[in-house]
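Student: Below is the file upload.cif, which contains mmCIF, C-alpha atoms.
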```cif
data_final
loop_
_atom_site.label_atom_id
_atom_site.label_comp_id
_atom_site.auth_asym_id
_atom_site.auth_seq_id
_atom_site.Cartn_x
_atom_site.Cartn_y
_atom_site.Cartn_z
CA GLN K 158 1.99 12.82 -30.12
CA VAL K 159 3.86 12.93 -26.82
CA GLN K 160 7.55 13.70 -27.08
CA LEU K 161 10.08 13.40 -24.29
CA VAL K 162 13.20 15.54 -24.58
CA GLU K 163 16.05 14.50 -22.31
CA SER K 164 19.23 16.36 -21.51
CA GLY K 165 22.11 16.34 -19.06
CA GLY K 166 23.97 13.12 -19.73
CA ASP K 167 27.75 13.37 -19.61
CA SER K 168 31.00 11.65 -18.66
CA VAL K 169 32.18 12.41 -15.12
CA GLN K 170 34.51 11.15 -12.44
CA ALA K 171 33.32 9.13 -9.48
CA GLY K 172 32.03 11.36 -6.73
CA GLU K 173 30.86 14.10 -9.07
CA SER K 174 27.29 15.16 -9.76
CA LEU K 175 25.02 15.42 -12.78
CA ARG K 176 21.50 16.66 -13.32
CA LEU K 177 19.25 15.05 -15.90
CA SER K 178 16.22 16.86 -17.23
CA CYS K 179 13.24 15.69 -19.21
CA ALA K 180 10.56 17.83 -20.77
CA VAL K 181 7.26 16.45 -22.02
CA ALA K 182 6.30 18.19 -25.21
CA LYS K 183 3.28 18.18 -27.44
CA THR K 184 0.72 16.66 -25.17
CA SER K 185 -2.70 17.48 -23.89
CA SER K 186 -2.76 14.21 -21.98
CA ILE K 187 -2.78 13.93 -18.24
CA VAL K 188 0.67 13.01 -16.98
CA SER K 189 0.57 10.86 -13.86
CA ILE K 190 3.81 9.09 -12.98
CA MET K 191 7.07 10.65 -14.16
CA GLY K 192 10.42 9.04 -13.67
CA TRP K 193 13.78 7.75 -14.77
CA TYR K 194 14.96 4.29 -15.65
CA ARG K 195 18.42 3.16 -16.67
CA GLN K 196 19.98 0.37 -18.65
CA ALA K 197 23.60 -0.68 -18.52
CA PRO K 198 25.15 -2.79 -21.27
CA GLY K 199 24.09 -6.40 -20.97
CA LYS K 200 21.56 -5.66 -18.25
CA GLN K 201 17.83 -5.15 -18.09
CA ARG K 202 16.30 -1.72 -17.81
CA GLU K 203 15.74 -0.88 -14.17
CA LEU K 204 13.84 1.73 -12.23
CA VAL K 205 15.89 4.58 -10.82
CA ALA K 206 13.24 6.89 -9.40
CA THR K 207 9.65 7.95 -9.95
CA VAL K 208 7.48 10.78 -8.73
CA ALA K 209 3.70 10.84 -8.75
CA ARG K 210 1.47 13.85 -9.39
CA GLY K 211 1.02 14.33 -5.66
CA GLY K 212 4.76 14.30 -5.07
CA THR K 213 5.21 10.79 -3.73
CA THR K 214 8.63 9.53 -4.71
CA ASN K 215 10.09 6.07 -5.13
CA TYR K 216 13.78 5.24 -5.44
CA ALA K 217 15.84 2.19 -6.21
CA ASP K 218 17.78 1.11 -3.13
CA SER K 219 21.04 1.62 -5.00
CA VAL K 220 20.43 5.36 -5.41
CA LYS K 221 18.68 6.27 -2.18
CA GLY K 222 20.43 9.12 -0.44
CA ARG K 223 22.37 10.08 -3.57
CA PHE K 224 19.72 10.84 -6.20
CA THR K 225 16.78 13.20 -5.94
CA ILE K 226 13.88 13.31 -8.35
CA SER K 227 11.68 16.36 -8.77
CA ARG K 228 8.92 17.43 -11.12
CA ASP K 229 7.25 20.60 -12.22
CA SER K 230 3.79 19.54 -13.28
CA ALA K 231 2.95 22.97 -14.68
CA LYS K 232 5.91 22.74 -17.04
CA SER K 233 5.68 18.97 -17.50
CA THR K 234 9.31 18.47 -16.58
CA VAL K 235 11.06 15.95 -14.40
CA ASP K 236 14.64 16.26 -13.19
CA LEU K 237 17.03 13.80 -11.60
CA GLN K 238 19.80 15.23 -9.45
CA MET K 239 22.55 12.65 -9.14
CA ASN K 240 25.21 13.16 -6.50
CA SER K 241 28.15 11.03 -5.39
CA LEU K 242 28.10 9.17 -8.68
CA LYS K 243 29.70 5.75 -8.83
CA PRO K 244 31.05 3.75 -11.78
CA GLU K 245 28.11 1.37 -11.37
CA ASP K 246 25.77 4.26 -12.19
CA THR K 247 27.08 4.16 -15.75
CA ALA K 248 24.14 3.52 -18.05
CA SER K 249 21.75 5.00 -20.53
CA TYR K 250 19.09 6.88 -18.60
CA TYR K 251 15.56 6.98 -19.94
CA CYS K 252 12.82 9.39 -19.05
CA TYR K 253 9.44 7.76 -18.48
CA VAL K 254 5.96 9.18 -18.15
CA ASN K 255 2.58 7.55 -17.84
CA THR K 256 -0.11 9.49 -19.65
CA PHE K 257 -3.88 9.35 -19.91
CA PRO K 258 -4.91 8.65 -22.50
CA GLY K 259 -1.89 7.25 -24.22
CA GLY K 260 -0.23 5.07 -21.62
CA PRO K 261 3.51 4.87 -20.92
CA LYS K 262 5.96 6.88 -22.98
CA TRP K 263 9.75 6.71 -23.11
CA GLY K 264 12.49 9.09 -24.07
CA LYS K 265 15.34 8.07 -26.35
CA GLY K 266 17.85 7.97 -23.53
CA THR K 267 20.85 9.99 -22.42
CA GLN K 268 24.21 8.47 -21.59
CA VAL K 269 25.81 8.79 -18.18
CA THR K 270 29.37 7.50 -17.84
CA VAL K 271 31.15 7.51 -14.49
CA SER K 272 34.83 6.66 -14.40
CA SER K 273 36.81 5.72 -11.33
#
```
As structure tokens - that is how I would like this structure written.
Tutor:
Amino acid sequence: QVQLVESGGDSVQAGESLRLSCAVAKTSSIVSIMGWYRQAPGKQRELVATVARGGTTNYADSVKGRFTISRDSAKSTVDLQMNSLKPEDTASYYCYVNTFPGGPKWGKGTQVTVSS
């Protein structure tokens, strides 16, 4: 069964940086899309960034220019480098992968808190 292991969440000041990492464990499935979503209290889960097998990336407008997503397909890992963090980036961040067979899988989430 696919397991997603996230790390890197922390509490930081506005303007600082964090790097989130996610490793896909225990799978023989093909991993296509890898990415990160986030959910703030009282809000719906929203896309932050995704990266396809070929390297095509997609970012939410709110993070463009500040966040960078990268993947290592050989290691089945996906990282999110977050720079110039803002208080509105505060949320639980969830790793996401789409697998075949198996479909979409989610991590348990890692908390990012940005104080002003």
Student: Quick one: distance from atom CA of Lys200 of chain K to atom CA of Val169 of chain K in Å, one decimal?
Tutor: 21.2 Å
Student: Between K:Gly199, K:Gly212, K:Pro244, K:Gly192, which residue has the minimum interatomic distance to Ala171 of chain K, considering all atoms listed in the file?
Tutor: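 Under the stated criterion, the closest residue is K:Pro244.
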Student: Any chance you could resolve the PyMOL selection byres ((chain K and resi 206) around 9) against this file and give the residues as a ChimeraX atom specification?
Tutor: /K:191-194,204-205,207-208,214-217,220,224-226,237
Student: What's around Arg223 of chain K at 8 Å? Count only C-alpha atoms, leave out sequence neighbours fewer than 6 positions away in its own chain, and write the answer as a list in words.
Tutor: Met239, Asn240, Ser241 and Leu242 of chain K
Student: Could you save those same residues with C-alpha atoms as a PDB file, in the frame of the given file?
Tutor:
```
ATOM      1  CA  MET K 239      22.550  12.650  -9.140  1.00  0.00           C
ATOM      2  CA  ASN K 240      25.210  13.160  -6.500  1.00  0.00           C
ATOM      3  CA  SER K 241      28.150  11.030  -5.390  1.00  0.00           C
ATOM      4  CA  LEU K 242      28.100   9.170  -8.680  1.00  0.00           C
TER       5      LEU K 242
END
```
Student: At what distance in Å, to one decimal, does atom CA of Asp236 of chain K lie from atom CA of Ser174 of chain K?
Tutor: 13.2 Å
Student: Please put the answer as AutoDock Vina command-line options: centre and edge lengths, in Å with one decimal, of a box along x, y and z that encloses all listed atoms of segment 159-164 of chain K plus 8 Å on each side.
Tutor:
```
--center_x 11.5 --center_y 14.6 --center_z -24.3 --size_x 31.4 --size_y 19.4 --size_z 21.6
```
Student: Given the file shown, enumerate the residues that the PyMOL selection byres ((chain K and resi 160) around 6) captures and present them as a PDB file with C-alpha atoms, in the frame of the given file.
Tutor:
```
ATOM      1  CA  VAL K 159       3.860  12.930 -26.820  1.00  0.00           C
ATOM      2  CA  LEU K 161      10.080  13.400 -24.290  1.00  0.00           C
ATOM      3  CA  VAL K 181       7.260  16.450 -22.020  1.00  0.00           C
ATOM      4  CA  ALA K 182       6.300  18.190 -25.210  1.00  0.00           C
TER       5      ALA K 182
END
```
Student: May I have the residues within 12 Å of Thr184 of chain K as a list in words, using only C-alpha atoms and disregarding those fewer than 4 positions away in the same chain?
Tutor: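 Returned residues: Gln158, Val159, Gln160, Leu161, Ala180, Val188, Lys232, Ser233, Val254, Asn255, Thr256, Phe257, Pro258, Gly259 and Lys262 of chain K.
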Student: Please produce a file of those selected residues containing C-alpha atoms, as a PDB file, keeping the file's coordinate frame.
Tutor:
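This is the output file out-v6.pdb:
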```pdb
ATOM      1  CA  GLN K 158       1.990  12.820 -30.120  1.00  0.00           C
ATOM      2  CA  VAL K 159       3.860  12.930 -26.820  1.00  0.00           C
ATOM      3  CA  GLN K 160       7.550  13.700 -27.080  1.00  0.00           C
ATOM      4  CA  LEU K 161      10.080  13.400 -24.290  1.00  0.00           C
ATOM      5  CA  ALA K 180      10.560  17.830 -20.770  1.00  0.00           C
ATOM      6  CA  VAL K 188       0.670  13.010 -16.980  1.00  0.00           C
ATOM      7  CA  LYS K 232       5.910  22.740 -17.040  1.00  0.00           C
ATOM      8  CA  SER K 233       5.680  18.970 -17.500  1.00  0.00           C
ATOM      9  CA  VAL K 254       5.960   9.180 -18.150  1.00  0.00           C
ATOM     10  CA  ASN K 255       2.580   7.550 -17.840  1.00  0.00           C
ATOM     11  CA  THR K 256      -0.110   9.490 -19.650  1.00  0.00           C
ATOM     12  CA  PHE K 257      -3.880   9.350 -19.910  1.00  0.00           C
ATOM     13  CA  PRO K 258      -4.910   8.650 -22.500  1.00  0.00           C
ATOM     14  CA  GLY K 259      -1.890   7.250 -24.220  1.00  0.00           C
ATOM     15  CA  LYS K 262       5.960   6.880 -22.980  1.00  0.00           C
TER      16      LYS K 262
END
```
Student: Please indicate the distance in Å from atom CA of Ser273 of chain K to atom CA of Tyr253 of chain K, rounded to one decimal place.
Tutor: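 Atom-to-atom, atom CA of Ser273 of chain K to atom CA of Tyr253 of chain K, that is 28.4 Å.
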Student: Between K:Thr247, K:Thr234, K:Ser178, K:Ser272, which one has atoms that come closest to Gln196 of chain K, using only C-alpha atoms?
Tutor: K:Thr247
